[in-house]
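Okay, data36.tsv is below, TSV, C-alpha atoms:
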```tsv
chain	number	residue	atom	x	y	z
A	23	MET	CA	-71.88	40.31	67.28
A	24	ASP	CA	-72.89	42.83	64.65
A	25	PHE	CA	-70.10	44.85	63.04
A	26	ASP	CA	-70.72	48.57	62.87
A	27	LEU	CA	-69.83	49.81	59.37
A	28	GLN	CA	-69.69	53.33	60.67
A	29	TRP	CA	-66.39	52.59	62.50
A	30	LEU	CA	-64.93	51.24	59.27
A	31	LEU	CA	-65.90	54.38	57.42
A	32	TRP	CA	-64.16	56.49	60.08
A	33	GLY	CA	-61.15	54.18	60.60
A	34	LEU	CA	-59.92	53.92	57.01
A	35	PRO	CA	-59.42	57.67	56.45
A	36	LEU	CA	-57.86	57.98	59.90
A	37	ALA	CA	-55.34	55.18	59.24
A	38	PHE	CA	-54.51	56.71	55.86
A	39	ALA	CA	-53.94	60.11	57.43
A	40	LEU	CA	-51.69	58.71	60.18
A	41	GLY	CA	-49.65	56.75	57.62
A	42	TRP	CA	-49.25	59.83	55.43
A	43	ILE	CA	-48.08	61.90	58.41
A	44	ALA	CA	-45.60	59.20	59.46
A	45	SER	CA	-44.16	58.96	55.95
A	46	ARG	CA	-43.72	62.70	55.76
A	47	LEU	CA	-41.87	62.66	59.07
A	48	ASP	CA	-39.56	59.85	57.84
A	49	VAL	CA	-38.85	61.71	54.59
A	50	ARG	CA	-38.05	64.91	56.44
A	51	GLN	CA	-35.77	63.06	58.85
A	52	TRP	CA	-34.01	61.33	55.96
A	53	LYS	CA	-33.57	64.63	54.09
A	54	ARG	CA	-32.25	66.27	57.24
A	55	ALA	CA	-29.71	63.47	57.70
A	56	GLN	CA	-28.69	63.74	54.07
A	57	GLN	CA	-28.21	67.47	54.42
A	58	ASP	CA	-26.28	67.14	57.70
A	59	ALA	CA	-23.72	64.71	56.22
A	60	PRO	CA	-22.58	66.93	53.33
A	61	ARG	CA	-22.61	69.94	55.64
A	62	ALA	CA	-20.26	68.18	58.07
A	63	TYR	CA	-18.15	66.94	55.17
A	64	PHE	CA	-17.70	70.41	53.67
A	65	LYS	CA	-17.05	71.82	57.11
A	66	GLY	CA	-14.24	69.29	57.51
A	67	LEU	CA	-12.77	70.23	54.14
A	68	ASN	CA	-12.85	73.90	55.02
A	69	LEU	CA	-11.11	73.25	58.34
A	70	LEU	CA	-8.53	71.09	56.59
A	71	LEU	CA	-7.76	73.83	54.09
A	72	ASN	CA	-7.30	76.21	57.01
A	73	GLU	CA	-4.81	73.73	58.54
A	74	GLN	CA	-7.06	73.05	61.53
A	75	GLN	CA	-6.62	69.29	61.51
A	76	ASP	CA	-8.03	68.61	64.98
A	77	LYS	CA	-11.33	70.29	64.17
A	78	ALA	CA	-11.36	68.72	60.70
A	79	ILE	CA	-11.09	65.25	62.24
A	80	ASP	CA	-14.05	66.00	64.52
A	81	ALA	CA	-16.07	67.18	61.52
A	82	PHE	CA	-15.27	64.06	59.49
A	83	ILE	CA	-16.15	61.81	62.44
A	84	GLU	CA	-19.50	63.59	62.62
A	85	ALA	CA	-19.99	63.10	58.89
A	86	VAL	CA	-19.18	59.37	59.15
A	87	GLN	CA	-21.70	59.01	61.98
A	88	HIS	CA	-24.40	60.62	59.81
A	89	ASP	CA	-23.54	58.50	56.78
A	90	PRO	CA	-21.59	55.36	57.83
A	91	GLY	CA	-21.94	53.81	54.39
A	92	THR	CA	-19.90	56.47	52.55
A	93	SER	CA	-16.41	55.08	51.91
A	94	ASP	CA	-14.95	58.41	50.78
A	95	LEU	CA	-15.53	59.85	54.24
A	96	HIS	CA	-13.69	56.91	55.77
A	97	PHE	CA	-10.75	57.40	53.40
A	98	ALA	CA	-10.56	61.09	54.24
A	99	LEU	CA	-10.69	60.35	57.95
A	100	GLY	CA	-8.07	57.60	57.73
A	101	ASN	CA	-5.69	59.78	55.73
A	102	LEU	CA	-6.07	62.56	58.27
A	103	PHE	CA	-5.23	60.19	61.11
A	104	ARG	CA	-2.13	58.99	59.23
A	105	ARG	CA	-0.94	62.52	58.52
A	106	ARG	CA	-1.25	63.37	62.20
A	107	GLY	CA	0.72	60.28	63.20
A	108	GLU	CA	-2.30	58.56	64.77
A	109	TYR	CA	-1.53	55.33	62.95
A	110	GLU	CA	-3.57	53.06	65.21
A	111	ARG	CA	-6.75	55.04	64.53
A	112	ALA	CA	-5.96	55.10	60.79
A	113	VAL	CA	-5.54	51.31	60.83
A	114	ARG	CA	-8.91	50.88	62.55
A	115	VAL	CA	-10.66	53.06	59.97
A	116	HIS	CA	-9.22	51.18	56.99
A	117	GLN	CA	-9.73	47.77	58.58
A	118	HIS	CA	-13.36	48.70	59.19
A	119	LEU	CA	-13.69	49.45	55.48
A	120	LEU	CA	-12.18	46.11	54.52
A	121	GLN	CA	-14.65	44.29	56.78
A	122	ARG	CA	-17.64	45.67	54.88
A	123	ALA	CA	-19.13	43.02	52.63
A	124	ASP	CA	-20.78	45.61	50.37
A	125	LEU	CA	-17.54	47.47	49.58
A	126	PRO	CA	-16.82	47.61	45.81
A	127	ARG	CA	-13.63	45.93	44.61
A	128	ALA	CA	-11.98	49.23	43.64
A	129	ASP	CA	-12.61	50.68	47.10
A	130	ARG	CA	-11.44	47.44	48.72
A	131	GLU	CA	-8.10	47.62	46.89
A	132	ARG	CA	-7.83	51.30	47.78
A	133	ALA	CA	-8.47	50.49	51.44
A	134	GLN	CA	-5.87	47.70	51.31
A	135	TYR	CA	-3.28	50.12	49.93
A	136	ALA	CA	-4.16	52.72	52.58
A	137	LEU	CA	-3.85	50.08	55.30
A	138	ALA	CA	-0.41	49.06	54.00
A	139	GLN	CA	0.68	52.70	54.12
A	140	ASP	CA	-0.56	52.93	57.72
A	141	PHE	CA	1.60	49.97	58.71
A	142	LEU	CA	4.59	51.36	56.82
A	143	LYS	CA	4.34	54.79	58.47
A	144	ALA	CA	3.96	53.12	61.86
A	145	GLY	CA	7.19	51.17	61.31
A	146	LEU	CA	5.42	47.79	61.28
A	147	PHE	CA	7.40	46.56	58.29
A	148	ASP	CA	6.37	42.90	58.53
A	149	ARG	CA	2.67	43.76	58.49
A	150	ALA	CA	3.24	46.38	55.79
A	151	GLU	CA	5.03	43.78	53.67
A	152	THR	CA	2.09	41.38	53.96
A	153	ALA	CA	-0.40	44.15	53.14
A	154	PHE	CA	1.55	45.31	50.09
A	155	LYS	CA	1.95	41.75	48.80
A	156	ALA	CA	-1.85	41.39	48.91
A	157	LEU	CA	-2.04	44.12	46.23
A	158	ASP	CA	-0.28	42.03	43.59
A	159	GLY	CA	-2.36	42.14	40.41
A	160	SER	CA	-4.32	45.20	41.55
A	161	PRO	CA	-4.10	48.71	40.07
A	162	PHE	CA	-1.75	49.52	42.97
A	163	HIS	CA	0.77	46.76	42.18
A	164	SER	CA	3.48	49.17	40.96
A	165	GLU	CA	3.16	51.43	44.00
A	166	ALA	CA	3.10	48.34	46.24
A	167	ARG	CA	6.29	46.95	44.69
A	168	LEU	CA	8.06	50.29	45.08
A	169	ALA	CA	7.05	50.32	48.73
A	170	LEU	CA	8.28	46.73	49.14
A	171	LEU	CA	11.58	47.80	47.57
A	172	GLY	CA	11.95	50.46	50.24
A	173	ILE	CA	11.10	47.96	53.00
A	174	TYR	CA	13.70	45.47	51.77
A	175	GLU	CA	16.32	48.21	51.55
A	176	ARG	CA	15.62	49.31	55.11
A	177	SER	CA	15.86	45.73	56.35
A	178	ARG	CA	18.94	45.14	54.15
A	179	ASP	CA	17.34	42.13	52.48
A	180	TRP	CA	19.30	42.66	49.28
A	181	ASN	CA	18.23	39.45	47.54
A	182	ALA	CA	14.54	40.33	47.94
A	183	ALA	CA	15.25	43.92	46.90
A	184	ALA	CA	17.00	42.76	43.73
A	185	GLU	CA	14.09	40.47	42.84
A	186	ILE	CA	11.51	43.24	43.29
A	187	ALA	CA	13.68	45.66	41.29
A	188	ARG	CA	13.83	43.15	38.41
A	189	GLN	CA	10.03	42.79	38.51
A	190	LEU	CA	9.60	46.56	38.39
A	191	GLU	CA	11.97	46.87	35.47
A	192	ALA	CA	10.24	44.02	33.62
A	193	SER	CA	6.86	45.73	34.10
A	194	GLY	CA	8.15	48.94	32.50
A	195	THR	CA	8.15	51.02	35.69
A	196	GLY	CA	11.65	52.29	34.94
A	197	SER	CA	15.31	51.35	34.86
A	198	PHE	CA	16.63	49.76	38.05
A	199	ALA	CA	19.98	48.52	36.72
A	200	SER	CA	22.00	50.88	38.92
A	201	ARG	CA	20.06	49.88	42.03
A	202	ILE	CA	20.42	46.17	41.29
A	203	ALA	CA	24.18	46.69	40.90
A	204	HIS	CA	24.25	48.34	44.34
A	205	TYR	CA	22.33	45.41	45.83
A	206	GLU	CA	24.81	42.95	44.33
A	207	CYS	CA	27.71	45.01	45.71
A	208	GLU	CA	26.10	44.90	49.15
A	209	LEU	CA	25.78	41.12	48.82
A	210	ALA	CA	29.46	40.94	47.85
A	211	LEU	CA	30.45	42.93	50.95
A	212	GLU	CA	28.33	40.67	53.16
A	213	ALA	CA	29.91	37.58	51.60
A	214	ASP	CA	33.41	38.96	52.18
A	215	ALA	CA	32.53	39.69	55.80
A	216	LYS	CA	31.50	36.03	56.18
A	217	GLN	CA	34.73	34.84	54.55
A	218	GLN	CA	32.87	33.60	51.44
A	219	PRO	CA	34.99	34.90	48.55
A	220	THR	CA	33.32	32.70	45.93
A	221	GLN	CA	29.86	34.13	46.68
A	222	ALA	CA	31.36	37.63	46.72
A	223	ASP	CA	32.94	37.09	43.29
A	224	GLU	CA	29.61	35.85	41.87
A	225	ALA	CA	27.69	38.84	43.29
A	226	LEU	CA	30.24	41.25	41.85
A	227	ARG	CA	30.08	39.57	38.44
A	228	ARG	CA	26.29	39.96	38.45
A	229	ALA	CA	26.72	43.64	39.35
A	230	VAL	CA	29.10	44.22	36.43
A	231	THR	CA	26.76	42.37	34.07
A	232	VAL	CA	23.68	44.41	35.00
A	233	ALA	CA	25.47	47.79	35.12
A	234	PRO	CA	28.82	47.75	33.28
A	235	GLN	CA	29.30	51.52	33.75
A	236	SER	CA	28.66	51.49	37.49
A	237	ALA	CA	31.46	53.26	39.36
A	238	ARG	CA	30.85	51.32	42.56
A	239	THR	CA	31.44	47.92	40.96
A	240	ARG	CA	34.87	49.04	39.75
A	241	VAL	CA	35.73	50.70	43.06
A	242	LEU	CA	34.77	47.56	44.98
A	243	ALA	CA	36.49	45.19	42.56
A	244	GLY	CA	39.76	47.11	42.83
A	245	GLN	CA	39.57	47.27	46.62
A	246	ARG	CA	39.03	43.51	46.85
A	247	HIS	CA	42.02	42.85	44.56
A	248	ALA	CA	44.23	45.22	46.57
A	249	ARG	CA	43.30	43.58	49.89
A	250	ALA	CA	44.20	40.21	48.41
A	251	GLY	CA	47.55	41.52	47.20
A	252	ARG	CA	46.55	41.41	43.52
A	253	HIS	CA	47.69	44.96	42.86
A	254	ARG	CA	47.95	44.66	39.09
A	255	GLU	CA	44.35	43.48	38.90
A	256	ALA	CA	43.38	46.37	41.20
A	257	ILE	CA	44.95	48.88	38.80
A	258	GLU	CA	43.12	47.29	35.88
A	259	ALA	CA	39.82	47.52	37.77
A	260	TRP	CA	40.32	51.18	38.74
A	261	GLY	CA	41.76	52.31	35.40
A	262	PRO	CA	38.39	52.67	33.60
A	263	LEU	CA	37.20	55.06	36.33
A	264	MET	CA	39.57	57.64	34.87
A	265	ARG	CA	37.80	57.40	31.53
A	266	LEU	CA	34.29	57.20	32.98
A	267	GLY	CA	34.61	60.63	34.57
A	268	GLY	CA	32.27	61.94	37.26
A	269	GLY	CA	35.02	62.29	39.86
A	270	ALA	CA	34.54	58.81	41.35
A	271	PHE	CA	38.20	57.98	40.75
A	272	ALA	CA	39.17	60.48	43.48
A	273	LEU	CA	37.70	58.01	45.99
A	274	VAL	CA	40.47	55.50	45.18
A	275	ALA	CA	43.24	57.75	43.86
A	276	ARG	CA	45.59	57.12	46.80
A	277	ASP	CA	44.87	53.37	46.76
A	278	TYR	CA	45.59	53.40	43.03
A	279	ALA	CA	49.00	54.98	43.65
A	280	ALA	CA	49.80	52.51	46.45
A	281	SER	CA	48.92	49.50	44.28
A	282	ALA	CA	50.91	50.90	41.34
A	283	ARG	CA	53.96	51.32	43.54
A	284	ALA	CA	53.50	47.81	44.98
A	285	CYS	CA	53.50	46.12	41.57
A	286	GLY	CA	56.18	48.25	39.93
A	287	GLU	CA	53.83	50.28	37.71
A	288	GLY	CA	54.62	53.62	39.34
A	289	ALA	CA	55.82	55.42	36.19
A	290	ALA	CA	52.77	54.52	34.10
A	291	ALA	CA	50.43	55.33	36.96
A	292	HIS	CA	52.15	58.67	37.53
A	293	ALA	CA	51.68	59.63	33.88
A	294	ALA	CA	48.00	58.69	33.99
A	295	LEU	CA	47.44	60.54	37.26
A	296	LEU	CA	49.24	63.63	36.02
A	297	ASN	CA	47.10	63.72	32.89
A	298	LEU	CA	43.94	63.46	35.00
A	299	TYR	CA	45.17	66.07	37.50
A	300	GLU	CA	45.87	68.60	34.75
A	301	SER	CA	42.31	68.25	33.44
A	302	ALA	CA	40.56	68.09	36.84
A	303	PRO	CA	42.86	69.02	39.74
A	304	SER	CA	41.94	67.93	43.25
A	305	ILE	CA	43.77	67.50	46.52
A	306	ASP	CA	43.17	63.72	46.40
A	307	LEU	CA	44.94	63.48	43.04
A	308	TRP	CA	47.75	65.66	44.41
A	309	HIS	CA	48.28	63.23	47.30
A	310	ALA	CA	48.30	60.30	44.86
A	311	LEU	CA	50.88	62.01	42.65
A	312	ALA	CA	53.03	62.97	45.63
A	313	ALA	CA	53.14	59.32	46.70
A	314	LEU	CA	54.67	58.36	43.34
A	315	GLU	CA	57.29	61.15	43.15
A	316	GLY	CA	60.72	60.64	44.61
A	317	ASP	CA	61.72	64.24	45.32
A	318	ALA	CA	59.89	66.66	47.59
A	319	ALA	CA	60.36	69.75	45.43
A	320	THR	CA	57.97	68.74	42.63
A	321	PRO	CA	54.95	68.04	44.87
A	322	ARG	CA	55.60	71.29	46.73
A	323	ARG	CA	55.68	73.35	43.52
A	324	ARG	CA	52.51	71.65	42.31
A	325	LEU	CA	50.82	72.29	45.65
A	326	ILE	CA	51.71	75.98	45.57
A	327	ALA	CA	50.25	76.24	42.06
A	328	HIS	CA	47.20	74.33	43.28
A	329	MET	CA	46.73	76.84	46.10
A	330	ARG	CA	46.69	79.70	43.60
A	331	THR	CA	43.89	78.13	41.52
A	332	GLN	CA	42.02	76.27	44.28
A	333	PRO	CA	42.74	77.91	47.65
A	334	THR	CA	41.11	75.30	49.88
A	335	LEU	CA	41.85	74.62	53.54
A	336	SER	CA	42.81	71.03	52.74
A	337	ALA	CA	45.49	72.31	50.35
A	338	ALA	CA	46.66	74.80	52.97
A	339	GLN	CA	46.82	72.00	55.52
A	340	ALA	CA	48.99	69.91	53.18
A	341	LEU	CA	51.20	72.91	52.39
A	342	ILE	CA	51.78	73.69	56.07
A	343	ALA	CA	52.60	70.04	56.79
A	344	ASP	CA	55.06	69.95	53.88
A	345	ALA	CA	56.69	73.40	54.07
A	346	VAL	CA	57.34	74.21	57.71
A	347	PRO	CA	59.09	72.36	60.56
A	348	HIS	CA	56.98	70.70	63.21
A	349	ASP	CA	59.14	71.30	66.26
A	350	THR	CA	57.82	74.66	67.36
A	351	GLU	CA	54.73	75.20	69.48
A	352	SER	CA	53.43	78.01	67.25
A	353	VAL	CA	53.64	75.88	64.09
A	354	GLN	CA	51.83	73.01	65.80
A	355	ALA	CA	49.09	75.42	66.94
A	356	LEU	CA	48.76	76.69	63.36
A	357	ARG	CA	48.50	73.17	61.99
A	358	ASP	CA	45.84	72.28	64.57
A	359	ALA	CA	43.82	75.42	63.83
A	360	VAL	CA	43.84	74.82	60.06
A	361	ALA	CA	42.94	71.15	60.57
A	362	ARG	CA	40.03	72.11	62.81
A	363	ALA	CA	38.77	74.71	60.33
A	364	ALA	CA	39.14	72.34	57.39
A	365	LYS	CA	37.31	69.39	58.95
A	366	PRO	CA	33.72	70.67	58.39
A	367	LEU	CA	34.55	71.34	54.73
A	368	GLN	CA	36.09	67.91	54.20
A	369	ARG	CA	32.65	66.31	54.41
A	370	TYR	CA	30.47	64.85	51.68
A	371	ARG	CA	26.93	66.21	51.34
A	372	CYS	CA	23.86	64.44	49.96
A	373	ALA	CA	22.43	66.40	47.03
A	374	ALA	CA	18.90	65.18	47.87
A	375	CYS	CA	18.52	65.89	51.60
A	376	GLY	CA	21.70	67.71	52.65
A	377	PHE	CA	22.94	64.97	54.99
A	378	GLU	CA	26.67	65.43	55.65
A	379	ALA	CA	29.23	62.77	56.51
A	380	GLN	CA	32.97	62.51	56.90
A	381	HIS	CA	32.96	59.30	54.84
A	382	TYR	CA	31.51	58.70	51.39
A	383	PHE	CA	28.24	56.75	51.18
A	384	TRP	CA	26.77	55.12	48.09
A	385	GLN	CA	23.36	55.26	49.79
A	386	CYS	CA	22.49	58.30	51.88
A	387	PRO	CA	21.83	57.30	55.52
A	388	GLY	CA	19.38	60.20	55.79
A	389	CYS	CA	17.03	59.93	52.80
A	390	LEU	CA	18.15	56.44	51.59
A	391	ASN	CA	18.68	57.67	48.02
A	392	TRP	CA	21.37	55.93	45.97
A	393	ASP	CA	24.24	57.83	44.31
A	394	SER	CA	23.06	61.11	45.83
A	395	PHE	CA	26.48	61.91	47.32
A	396	PRO	CA	28.76	63.76	44.87
A	397	PRO	CA	32.27	62.27	45.11
A	398	GLN	CA	33.70	65.74	45.76
A	399	ARG	CA	33.96	67.13	49.26
A	400	LEU	CA	32.20	70.37	50.15
A	401	GLU	CA	35.27	72.53	49.66
A	402	ASP	CA	35.83	71.13	46.17
A	403	GLN	CA	32.28	71.76	44.93
```

Written as structure tokens, how would this file's structure read?
Amino acid sequence: MDFDLQWLLWGLPLAFALGWIASRLDVRQWKRAQQDAPRAYFKGLNLLLNEQQDKAIDAFIEAVQHDPGTSDLHFALGNLFRRRGEYERAVRVHQHLLQRADLPRADRERAQYALAQDFLKAGLFDRAETAFKALDGSPFHSEARLALLGIYERSRDWNAAAEIARQLEASGTGSFASRIAHYECELALEADAKQQPTQADEALRRAVTVAPQSARTRVLAGQRHARAGRHREAIEAWGPLMRLGGGAFALVARDYAASARACGEGAAAHAALLNLYESAPSIDLWHALAALEGDAATPRRRLIAHMRTQPTLSAAQALIADAVPHDTESVQALRDAVARAAKPLQRYRCAACGFEAQHYFWQCPGCLNWDSFPPQRLEDQ
């Protein structure tokens, strides 16, 4: 069969024209997609700045659909989900990033850190611990170790917390001596609760070694001696707290007086307490002094003078209890009213978050900060 060259002459230009038209359509479609993605992205940013998070999430989802290969959009979307408390959706976004084989190493480590934060915010501490440990040796290793420290504190794994704190200090992140001392004190308390005095002694020795000026180590050491009946050793442990300052001695002032009386050191303890009271008077020191004085007149005179300089409800409560008889109904009503009014002011308040408690805490139950409770009650501040 003969081939007609005329069809070839017509077909080649036609095929070229159709190919050119198709390529132009593809280019226009690609340009339109490229323009739609940034438009949706900037729309999401604008909504986010206007605190319209729901609409911002929708805009970012649209942007991800237009450009699924852009990791920054995924990070923005995942962070938005986490901020809104939608931790499951945040986890899915960051896990999807980690499953991409073409993801650069820097973005992979960033996605791993974001995933660990998702687990932490969701309260999945075991999965968060595993995710943070996977960041060892990455640019996020310091942040990961700090997060692990918080996890171990929440779970009260004091040995693991102490080890992480030592690693952070060795890497130059900061000084963690005070925290390590607190961890060792917690281990000592746990050992005492399990009737393991040897382990408690070792933990307390480590605490003193790492932080010799720590007030808690001296408070705890004295309390352990006093419970064991070693009152002279208790006085020796608490004595440096007077020289350290900071008001921490007020926490054990009455125990100090009781131990001094028990071991026959009442006169020396009274002189030391009186010297401290004259420089920094407080109702706790007044009670300690009163316990070491034989007559009732001296404590009463000191309390009246205290009321003139520091007119607190706790001092008024002590004065009423000491100065008036208790056998009348009106006096009892007065005592009850003053006690009720004084109770809210006899609390300790965290300087970091404002959490208030009737008892003193070395670690705030609210914000979990250490040493954030001033040792003075609200009415003494």

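Within 9 Å of Ala128 of chain A, once all atoms listed in the file are used and residues closer than 4 positions along the same chain are dropped, the contacting residues are Arg132, Ala133, Ser160 and Pro161 of chain A.
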
Proximity check segment 176-289 of chain A to segment 315-327 of chain A, 12 Å, nearest pairs one decimal Å, all atoms listed in the file, as CSV:
```
residue,atom,partner,partner_atom,distance
A:Ala279,CA,A:Glu315,CA,10.3
A:Ala280,CA,A:Glu315,CA,11.9
A:Arg283,CA,A:Glu315,CA,10.4
A:Gly288,CA,A:Glu315,CA,8.9
A:Ala289,CA,A:Glu315,CA,9.1
```

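The coordinates place atom CA of Ser301 of chain A at 12.9 Å from atom CA of Thr331 of chain A.
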
Exercise: Arg104 of chain A partners within 12 Å, all atoms listed in the file, chain neighbours under 3 positions left out, as a list of chain:residue names: A:Gln75, A:Ile79, A:Phe97, A:Ala98, A:Leu99, A:Gly100, A:Asn101, A:Gly107, A:Glu108, A:Tyr109, A:Glu110, A:Arg111, A:Ala112, A:Val113, A:Arg114, A:Val115, A:His116, A:Ala136, A:Leu137, A:Ala138, A:Gln139, A:Asp140, A:Phe141, A:Leu142, A:Lys143, A:Ala144

Phe271 of chain A environment, 10 Å, all atoms listed in the file, sequence neighbours closer than 3 positions dropped, as number ranges by chain: A: 237, 240-241, 260-268, 274-276, 278, 298, 306-307, 397

Atomic distance atom CA of Ala182 of chain A - atom CA of Ala243 of chain A, expressed in Å with one decimal: 23.1 Å

Ref. answer, residues at most 12 Å from (36.7, 73.3, 54.1) with only C-alpha atoms, as a ChimeraX atom specification: /A:305,332-339,360-370,380,398-403

Residues within 8 Å of Cys389 of chain A, all atoms listed in the file, excluding chain neighbours under 3 positions, as a VMD selection string: chain A and resid 374 to 375 386

Residues near Arg130 of chain A, cut-off 8 Å, all atoms listed in the file, skip fewer than 4 positions along chain, as a count of residues only: 5
